[in-house]
$ cat query-v7.txt   # compact mmCIF, C-alpha atoms
# COMPACT_ATOMS: atom_id res chain seq x y z
CA MET A 933 8.00 0.28 -18.68
CA LYS A 934 9.44 -3.23 -18.79
CA MET A 935 9.10 -5.34 -15.64
CA LEU A 936 12.34 -6.95 -14.46
CA ASN A 937 11.03 -8.95 -11.50
CA GLN A 938 7.81 -9.33 -9.53
CA VAL A 939 6.50 -10.91 -6.34
CA LYS A 940 2.91 -11.46 -5.24
CA PHE A 941 1.61 -12.73 -1.94
CA THR A 942 -1.66 -12.90 -0.07
CA PHE A 943 -2.14 -12.75 3.69
CA VAL A 944 -5.09 -12.28 6.02
CA SER A 945 -6.09 -8.91 7.44
CA ARG A 946 -4.65 -9.35 10.91
CA SER A 947 -2.59 -6.53 12.39
CA VAL A 948 0.45 -8.81 12.89
CA ASN A 949 0.70 -9.12 9.10
CA GLU A 950 1.38 -5.40 8.59
CA SER A 951 4.98 -5.89 9.75
CA PHE A 952 5.22 -9.06 7.64
CA ALA A 953 4.20 -7.10 4.52
CA ARG A 954 6.87 -4.44 5.19
CA ALA A 955 9.60 -6.99 5.86
CA ALA A 956 8.76 -9.17 2.86
CA LEU A 957 8.71 -6.12 0.61
CA ALA A 958 12.06 -4.91 1.97
CA ALA A 959 13.60 -8.32 1.27
CA PHE A 960 12.30 -8.25 -2.31
CA LEU A 961 13.48 -4.66 -2.90
CA ALA A 962 17.01 -5.42 -1.65
CA GLN A 963 17.93 -6.59 -5.15
CA ALA A 964 17.40 -3.03 -6.40
CA ASP A 965 19.82 -1.68 -3.77
CA PRO A 966 17.61 1.21 -2.63
CA THR A 967 18.97 3.81 -0.24
CA VAL A 968 17.91 3.53 3.39
CA PRO A 969 15.65 6.63 3.09
CA GLN A 970 14.02 5.25 -0.08
CA LEU A 971 13.35 1.92 1.59
CA ALA A 972 11.95 3.65 4.68
CA ASP A 973 9.60 5.75 2.51
CA ILE A 974 8.29 2.71 0.65
CA LYS A 975 7.85 0.66 3.83
CA THR A 976 5.92 3.54 5.44
CA ALA A 977 3.57 3.83 2.45
CA VAL A 978 2.99 0.06 2.40
CA SER A 979 2.33 0.10 6.14
CA GLU A 980 -0.41 2.68 5.61
CA ALA A 981 -1.97 0.80 2.69
CA VAL A 982 -2.04 -2.52 4.57
CA THR A 983 -3.31 -0.89 7.76
CA ASN A 984 -6.15 0.72 5.77
CA CYS A 985 -7.17 -2.76 4.61
CA ILE A 986 -7.03 -4.19 8.11
CA VAL A 987 -8.95 -1.35 9.76
CA HIS A 988 -11.36 -0.18 7.08
CA ALA A 989 -11.83 -2.90 4.44
CA TYR A 990 -12.66 -5.60 6.96
CA PRO A 991 -13.97 -3.70 10.00
CA ASP A 992 -15.82 -6.65 11.54
CA SER A 993 -14.11 -9.61 9.90
CA VAL A 994 -10.87 -11.01 8.54
CA GLY A 995 -10.27 -11.16 4.79
CA PRO A 996 -7.55 -11.47 2.18
CA ILE A 997 -5.04 -8.76 1.32
CA THR A 998 -2.89 -9.22 -1.77
CA MET A 999 0.31 -7.28 -2.31
CA THR A 1000 2.19 -7.25 -5.60
CA ALA A 1001 5.57 -5.57 -5.99
CA ALA A 1002 7.32 -5.10 -9.32
CA LEU A 1003 10.77 -3.80 -10.16
CA CYS A 1004 10.82 -2.15 -13.56
CA GLU A 1005 13.48 -0.81 -15.89
CA GLY A 1006 14.81 2.58 -14.96
CA GLY A 1007 14.57 1.95 -11.22
CA THR A 1008 10.81 2.21 -10.85
CA VAL A 1009 9.04 0.24 -8.13
CA ARG A 1010 5.29 -0.42 -8.44
CA ILE A 1011 3.38 -1.79 -5.46
CA THR A 1012 -0.27 -2.76 -5.49
CA VAL A 1013 -2.25 -3.54 -2.33
CA THR A 1014 -5.68 -5.05 -2.95
CA ASP A 1015 -8.50 -6.14 -0.67
CA ARG A 1016 -11.95 -7.63 -1.22
CA GLY A 1017 -13.53 -5.71 1.61
CA ILE A 1018 -16.35 -3.21 1.88
CA GLY A 1019 -14.88 -0.76 -0.64
CA ILE A 1020 -14.92 3.01 -0.67
CA ALA A 1021 -18.01 4.86 -1.89
CA ASP A 1022 -16.24 8.20 -2.45
CA VAL A 1023 -12.51 7.76 -3.15
CA ALA A 1024 -11.88 11.50 -3.56
CA LYS A 1025 -13.40 12.19 -0.14
CA ALA A 1026 -11.49 9.30 1.45
CA MET A 1027 -8.22 10.73 0.14
CA GLU A 1028 -8.79 14.09 1.85
CA PRO A 1029 -6.47 14.59 4.82
CA MET A 1030 -8.19 14.13 8.20
CA TYR A 1031 -11.12 12.16 6.71
CA THR A 1032 -11.76 8.82 8.37
CA THR A 1033 -14.59 6.34 8.52
CA GLY A 1034 -13.09 4.93 11.72
CA ASN A 1035 -13.30 6.26 15.24
CA PRO A 1036 -11.88 9.82 15.05
CA ASP A 1037 -10.46 9.42 18.58
CA GLU A 1038 -8.33 6.53 17.30
CA ARG A 1039 -7.76 7.39 13.62
CA ALA A 1040 -6.19 10.55 12.18
CA GLY A 1041 -7.45 10.08 8.62
CA LEU A 1042 -3.98 10.58 7.16
CA GLY A 1043 -3.32 7.19 5.53
CA PHE A 1044 -3.67 8.27 1.91
CA ALA A 1045 -1.89 11.58 2.59
CA VAL A 1046 1.05 9.67 4.07
CA MET A 1047 1.16 7.35 1.05
CA GLN A 1048 1.14 10.33 -1.30
CA SER A 1049 3.90 12.10 0.60
CA PHE A 1050 6.28 9.11 0.46
CA MET A 1051 5.58 7.81 -3.04
CA ASP A 1052 5.80 9.49 -6.45
CA ARG A 1053 2.30 8.42 -7.46
CA VAL A 1054 -0.71 6.89 -5.70
CA ARG A 1055 -3.81 5.67 -7.52
CA VAL A 1056 -6.88 4.32 -5.75
CA SER A 1057 -9.77 2.47 -7.32
CA SER A 1058 -12.64 1.00 -5.36
CA THR A 1059 -16.07 -0.51 -5.74
CA PRO A 1060 -18.40 -0.59 -2.73
CA GLY A 1061 -18.96 -4.18 -1.65
CA ARG A 1062 -16.13 -5.50 -3.86
CA GLY A 1063 -12.93 -4.00 -2.49
CA THR A 1064 -10.16 -1.51 -3.10
CA ARG A 1065 -6.90 -1.40 -5.03
CA VAL A 1066 -4.09 1.02 -4.15
CA THR A 1067 -1.24 1.28 -6.66
CA MET A 1068 1.87 3.19 -5.62
CA THR A 1069 4.97 3.93 -7.66
CA LYS A 1070 8.36 5.31 -6.72
CA HIS A 1071 11.47 5.90 -8.76
CA LEU A 1072 14.65 4.76 -7.03
CA ASP A 1073 17.55 7.11 -7.62
CA THR A 1074 20.63 5.32 -8.81
CA LYS A 1075 23.67 5.61 -6.61
$ encode --input "query-v7.txt" --output "structure tokens"
Amino acid sequence: MKMLNQVKFTFVSRSVNESFARAALAAFLAQADPTVPQLADIKTAVSEAVTNCIVHAYPDSVGPITMTAALCEGGTVRITVTDRGIGIADVAKAMEPMYTTGNPDERAGLGFAVMQSFMDRVRVSSTPGRGTRVTMTKHLDTK
């Protein structure tokens, strides 16, 4: 799959940057002319991935989050959200709906499930103490 264009940016894990990540991504994706529902799906998945970094990767501190977005031939979008936080010991368990390491009164444990429902593919790799990488892909239907 040949990459046509790519953007990469890093921001700190503050909650105000979740909306920045969505808006910056939407601006980048405008060149692919996605439909409004496609753009909404992608922005929702990115919101969940970035929020996971803010809440779980850096629970007691602020750290870097890097987001890379690539437009590829055939209308495929690939987005990677990476942190250098505490990592996930059991990725399979973390991806189960309703599982959360946060306060269950405040967190539903649906972040990965939401990402999977809005994107065509979601891959998660993580190393405890070194961070997590979430890679999401979606094919944009041509108009």
$ closest_residue --input "query-v7.txt" --among "A:Thr942, A:Thr1012, A:Thr1069, A:Asn937" --to "Ser1049 (chain A)" --atoms "only C-alpha atoms"
A:Thr1069
$ atom_distance --input "query-v7.txt" --atom1 "CA of Ala1026 (chain A)" --atom2 "CA of Arg1053 (chain A)"
16.4 Å
$ residues_around --input "query-v7.txt" --residues "Val948 (chain A)" --least-positions-apart "6" --cutoff "12 Å" --atoms "all atoms listed in the file" --output "list in words"
Arg954, Ala955, Ser979, Val982, Thr983 and Ile986 of chain A
$ atom_distance --input "query-v7.txt" --atom1 "CA of Ala964 (chain A)" --atom2 "CA of Thr998 (chain A)"
21.7 Å
$ closest_residue --input "query-v7.txt" --among "A:Ala977, A:Ile1011, A:Pro969, A:Tyr990" --to "Val939 (chain A)" --atoms "only C-alpha atoms"
A:Ile1011
